[in-house]
Amino acid sequence: MTAIQVDGLTKSYGDFAAVKGISFDVAPGEIFALLGRNGAGKTTTMEVLAGFQAPDEGTVRVLGLDPARDRSRVRARIGIMLQEAGFFPDLTVAQTVDAWRDFVAAPRPRDETLELTGLAAKATTKVRQLSGGEKRRLDLALAVLSRPDALFLDEPTAGMDPEARRNTWEVIQRLAGQGTTILLTTHYLEEAQRLASSMAIMDQGLIVAGGGMAETLAAETGRVAFELPSSVPPEELPVPVTTMEGRLAVYRLADPDLTARTLLNWASERGLRLRGLEVRTATLEDLFLDLASGEKHEKKATV
């Protein structure tokens, strides 16, 4: 069973093809990250899923329903947090939530909503006095007010300080743990890697990489880097170096741990110290850099 199904989705604006036949599935209770640079097609895809636009071609289902044909039924079961939302600046946070509750069937209690999103202390604060990050949390409060079965989050932590961002991550993870299916877009790659179990990366309307987060990153190259001692030429290293950045020796390879052990044993035998040694598996940032450089991953339309 899938909570969100996208099969061959195509959407154009005049002669401009914003989305070019993409496909992916999201399981119930899963956090799915839809990633890519500005203009990649993420927001258009989310707008089709939310029922704001109809696809030109392909099939889209949200909770088993067609979001264009069954828009009212879909909207009753989903929450949406867009990049920009309009508020009445002179209402307080509590008044804003109360006003929104009138449009939602069986909404969460106001105090529960504010506590969930970390806004309880701002209940009597006027919206115009909130910081950008606090307004994003108010956006999230309104999105979860209806206890949605599926939640669409467009840049949910933009403008938040590090503490507020981590608190919001906890809210998102808690909602997923309660069975809410979550599709999010974000430019914070650490955020996507921390939260999502699956993802798709879009570029120019196509999905260029995707699948399970752990499996996808495991297939990428890791990194080993250290400052090469001044007395040692790169040719003497026991493993051929990938690149030299000044005196920084950098390896990009499938098994960074094995390479690091080989280098440490070699250095120990010679009484050398590998200063600034860094060993890590692949990250989403590495994958993005590989895609941007065109080194790998031919563009494809399915996940």
# chains A, B, ... in the order shown; residues from 1 in each chain; ligands from 1
call {"tool": "select_by_dssp", "arguments": {"residues": "region 145-176 of chain A", "states": "helix (DSSP H, G or I)", "output": "PyMOL selection string"}}
result
chain A and resi 162-176
call {"tool": "write_last_selection", "arguments": {"atoms": "all heavy atoms", "output": "compact mmCIF listing (two decimals), in the first residue's frame"}}
result
# COMPACT_ATOMS: atom_id res chain seq x y z
N PRO A 162 19.27 27.25 15.03
CA PRO A 162 19.56 25.82 15.17
C PRO A 162 18.71 25.09 16.20
O PRO A 162 18.28 23.96 15.97
CB PRO A 162 21.04 25.81 15.56
CG PRO A 162 21.59 27.05 14.94
CD PRO A 162 20.50 28.06 15.07
N GLU A 163 18.43 25.72 17.34
CA GLU A 163 17.62 25.05 18.36
C GLU A 163 16.19 24.85 17.88
O GLU A 163 15.61 23.75 18.04
CB GLU A 163 17.62 25.86 19.66
CG GLU A 163 16.82 25.20 20.77
CD GLU A 163 16.81 26.01 22.06
OE1 GLU A 163 17.37 27.13 22.07
OE2 GLU A 163 16.24 25.53 23.06
N ALA A 164 15.60 25.89 17.28
CA ALA A 164 14.23 25.77 16.77
C ALA A 164 14.16 24.74 15.65
O ALA A 164 13.18 24.00 15.54
CB ALA A 164 13.74 27.13 16.28
N ARG A 165 15.22 24.68 14.84
CA ARG A 165 15.23 23.70 13.74
C ARG A 165 15.20 22.28 14.31
O ARG A 165 14.44 21.43 13.84
CB ARG A 165 16.47 23.92 12.88
CG ARG A 165 16.56 22.96 11.70
CD ARG A 165 17.66 23.35 10.73
NE ARG A 165 17.34 24.60 10.08
CZ ARG A 165 18.10 25.70 10.11
NH1 ARG A 165 19.25 25.66 10.76
NH2 ARG A 165 17.72 26.79 9.49
N ARG A 166 16.02 22.03 15.31
CA ARG A 166 16.05 20.68 15.89
C ARG A 166 14.74 20.34 16.59
O ARG A 166 14.28 19.20 16.55
CB ARG A 166 17.23 20.55 16.85
CG ARG A 166 18.56 20.41 16.12
CD ARG A 166 19.75 20.37 17.05
NE ARG A 166 20.97 20.04 16.32
CZ ARG A 166 21.64 20.89 15.55
NH1 ARG A 166 21.20 22.12 15.40
NH2 ARG A 166 22.74 20.51 14.92
N ASN A 167 14.14 21.33 17.23
CA ASN A 167 12.83 21.10 17.86
C ASN A 167 11.78 20.76 16.80
O ASN A 167 10.91 19.89 17.03
CB ASN A 167 12.40 22.33 18.66
CG ASN A 167 13.24 22.55 19.91
OD1 ASN A 167 13.89 21.62 20.39
ND2 ASN A 167 13.25 23.76 20.42
N THR A 168 11.86 21.43 15.65
CA THR A 168 10.91 21.14 14.57
C THR A 168 11.15 19.75 14.00
O THR A 168 10.20 19.04 13.66
CB THR A 168 11.03 22.21 13.47
OG1 THR A 168 10.75 23.50 14.05
CG2 THR A 168 10.04 21.94 12.34
N TRP A 169 12.42 19.34 13.92
CA TRP A 169 12.71 17.97 13.49
C TRP A 169 12.02 16.96 14.40
O TRP A 169 11.46 15.96 13.95
CB TRP A 169 14.21 17.71 13.50
CG TRP A 169 14.99 18.48 12.47
CD1 TRP A 169 14.49 19.24 11.44
CD2 TRP A 169 16.41 18.57 12.39
NE1 TRP A 169 15.52 19.81 10.73
CE2 TRP A 169 16.70 19.41 11.27
CE3 TRP A 169 17.46 18.04 13.13
CZ2 TRP A 169 18.02 19.71 10.90
CZ3 TRP A 169 18.77 18.33 12.76
CH2 TRP A 169 19.04 19.16 11.66
N GLU A 170 12.08 17.23 15.70
CA GLU A 170 11.44 16.31 16.65
C GLU A 170 9.93 16.25 16.44
O GLU A 170 9.33 15.17 16.53
CB GLU A 170 11.76 16.76 18.08
CG GLU A 170 13.23 16.60 18.47
CD GLU A 170 13.50 17.09 19.88
OE1 GLU A 170 12.54 17.53 20.56
OE2 GLU A 170 14.68 17.06 20.29
N VAL A 171 9.32 17.40 16.14
CA VAL A 171 7.87 17.42 15.86
C VAL A 171 7.56 16.58 14.63
O VAL A 171 6.64 15.76 14.62
CB VAL A 171 7.38 18.87 15.66
CG1 VAL A 171 5.92 18.87 15.21
CG2 VAL A 171 7.54 19.67 16.95
N ILE A 172 8.35 16.77 13.57
CA ILE A 172 8.13 16.02 12.33
C ILE A 172 8.29 14.53 12.56
O ILE A 172 7.48 13.71 12.10
CB ILE A 172 9.09 16.53 11.23
CG1 ILE A 172 8.74 17.98 10.85
CG2 ILE A 172 9.05 15.62 10.00
CD1 ILE A 172 9.75 18.64 9.94
N GLN A 173 9.33 14.14 13.30
CA GLN A 173 9.55 12.72 13.57
C GLN A 173 8.44 12.14 14.44
O GLN A 173 8.02 11.00 14.26
CB GLN A 173 10.90 12.54 14.25
CG GLN A 173 12.08 12.79 13.31
CD GLN A 173 13.42 12.83 14.03
OE1 GLN A 173 13.53 13.36 15.13
NE2 GLN A 173 14.44 12.28 13.40
N ARG A 174 7.94 12.94 15.38
CA ARG A 174 6.84 12.48 16.24
C ARG A 174 5.57 12.25 15.42
O ARG A 174 4.88 11.25 15.60
CB ARG A 174 6.59 13.51 17.34
CG ARG A 174 5.67 13.02 18.47
CD ARG A 174 5.47 14.11 19.50
NE ARG A 174 6.75 14.75 19.84
CZ ARG A 174 6.88 16.02 20.13
NH1 ARG A 174 5.83 16.84 20.11
NH2 ARG A 174 8.06 16.52 20.44
N LEU A 175 5.29 13.17 14.50
CA LEU A 175 4.10 13.01 13.66
C LEU A 175 4.21 11.76 12.79
O LEU A 175 3.25 11.01 12.64
CB LEU A 175 3.94 14.25 12.79
CG LEU A 175 3.51 15.54 13.52
CD1 LEU A 175 3.69 16.74 12.62
CD2 LEU A 175 2.07 15.44 14.00
N ALA A 176 5.39 11.53 12.22
CA ALA A 176 5.59 10.33 11.41
C ALA A 176 5.44 9.08 12.26
O ALA A 176 4.87 8.08 11.81
CB ALA A 176 6.97 10.37 10.74
call {"tool": "select_by_dssp", "arguments": {"residues": "region 136-230 of chain A", "states": "strand (DSSP E)", "output": "VMD selection string"}}
result
chain A and resid 150 to 154 181 to 185 198 to 203 206 to 212 222 to 227
call {"tool": "write_last_selection", "arguments": {"atoms": "C-alpha atoms", "output": "mmCIF file, in the first residue's frame"}}
result
data_model
loop_
_atom_site.group_PDB
_atom_site.id
_atom_site.type_symbol
_atom_site.label_atom_id
_atom_site.label_comp_id
_atom_site.auth_asym_id
_atom_site.auth_seq_id
_atom_site.Cartn_x
_atom_site.Cartn_y
_atom_site.Cartn_z
ATOM 1 C CA ALA A 150 -0.506 13.257 4.960
ATOM 2 C CA LEU A 151 1.543 16.398 5.477
ATOM 3 C CA PHE A 152 3.304 18.467 2.788
ATOM 4 C CA LEU A 153 6.126 20.657 4.108
ATOM 5 C CA ASP A 154 7.836 23.153 1.778
ATOM 6 C CA THR A 181 2.940 10.443 5.907
ATOM 7 C CA ILE A 182 5.258 13.403 5.314
ATOM 8 C CA LEU A 183 6.655 14.772 2.060
ATOM 9 C CA LEU A 184 9.092 17.637 2.542
ATOM 10 C CA THR A 185 11.304 19.852 0.437
ATOM 11 C CA SER A 198 13.585 7.847 1.235
ATOM 12 C CA MET A 199 14.224 10.670 -1.191
ATOM 13 C CA ALA A 200 14.287 11.835 -4.782
ATOM 14 C CA ILE A 201 16.559 14.500 -6.246
ATOM 15 C CA MET A 202 15.094 16.532 -9.102
ATOM 16 C CA ASP A 203 16.897 18.539 -11.751
ATOM 17 C CA LEU A 206 13.518 14.971 -13.915
ATOM 18 C CA ILE A 207 14.419 12.692 -11.025
ATOM 19 C CA VAL A 208 18.185 12.194 -11.289
ATOM 20 C CA ALA A 209 18.738 10.102 -8.152
ATOM 21 C CA GLY A 210 16.586 8.533 -5.504
ATOM 22 C CA GLY A 211 15.478 5.598 -3.418
ATOM 23 C CA GLY A 212 16.035 4.635 0.187
ATOM 24 C CA GLY A 222 33.020 8.159 1.180
ATOM 25 C CA ARG A 223 35.832 10.559 2.058
ATOM 26 C CA VAL A 224 39.185 10.327 3.818
ATOM 27 C CA ALA A 225 41.275 13.485 4.170
ATOM 28 C CA PHE A 226 44.351 14.507 6.148
ATOM 29 C CA GLU A 227 47.287 16.913 6.041
#
call {"tool": "atom_distance", "arguments": {"atom1": "CA of Gly14 (chain A)", "atom2": "CA of Glu84 (chain A)"}}
result
24.7 Å
call {"tool": "atom_distance", "arguments": {"atom1": "CA of Met244 (chain A)", "atom2": "CA of Leu277 (chain A)"}}
result
14.2 Å
call {"tool": "residues_around", "arguments": {"residues": "region 93-96 of chain A", "least_positions_apart": "5", "cutoff": "9 Å", "atoms": "only C-alpha atoms", "output": "list in words"}}
result
Phe87, Phe88, Arg101, Arg110, Asp111, Leu114, Leu119, Ala120, Lys122, Ala123, Thr124, Thr125, Lys126, Val127, Leu130, Leu138 and Leu142 of chain A
call {"tool": "closest_residue", "arguments": {"among": "A:Gly36, A:Gly8, A:Pro234, A:Gly86", "to": "Phe24 (chain A)", "atoms": "only C-alpha atoms"}}
result
A:Gly8
call {"tool": "atom_distance", "arguments": {"atom1": "CA of Val144 (chain A)", "atom2": "CA of Lys11 (chain A)"}}
result
28.0 Å
call {"tool": "closest_residue", "arguments": {"among": "A:Ala143, A:Arg137, A:Thr281, A:Glu220", "to": "Met160 (chain A)", "atoms": "only C-alpha atoms"}}
result
A:Arg137
call {"tool": "closest_residue", "arguments": {"among": "A:Thr283, A:Ser12, A:Thr186, A:Ser268", "to": "Leu82 (chain A)", "atoms": "only C-alpha atoms"}}
result
A:Thr186
call {"tool": "closest_residue", "arguments": {"among": "A:Arg37, A:Arg128, A:Lys42, A:Arg69", "to": "Thr92 (chain A)", "atoms": "only C-alpha atoms"}}
result
A:Arg128
call {"tool": "residues_around", "arguments": {"residues": "Asp56 (chain A)", "least_positions_apart": "5", "cutoff": "12 Å", "atoms": "only C-alpha atoms", "output": "number ranges by chain"}}
result
A: 8-14, 17-21, 44-45, 48, 68
call {"tool": "write_last_selection", "arguments": {"atoms": "C-alpha atoms", "output": "CSV table (one decimal), in the first residue's frame"}}
result
chain,number,residue,atom,x,y,z
A,8,GLY,CA,4.6,9.5,-15.1
A,9,LEU,CA,3.7,13.0,-13.8
A,10,THR,CA,4.2,15.7,-16.4
A,11,LYS,CA,3.3,19.4,-16.0
A,12,SER,CA,4.1,22.3,-18.3
A,13,TYR,CA,3.5,26.0,-18.3
A,14,GLY,CA,3.1,26.9,-22.0
A,17,ALA,CA,8.1,21.7,-19.1
A,18,ALA,CA,8.4,22.0,-15.3
A,19,VAL,CA,8.0,18.3,-14.5
A,20,LYS,CA,8.9,15.6,-17.1
A,21,GLY,CA,7.3,12.3,-16.4
A,44,THR,CA,5.1,22.2,-9.0
A,45,THR,CA,5.1,18.5,-8.0
A,48,VAL,CA,-0.1,18.9,-8.0
A,68,ALA,CA,-7.5,17.1,-8.7
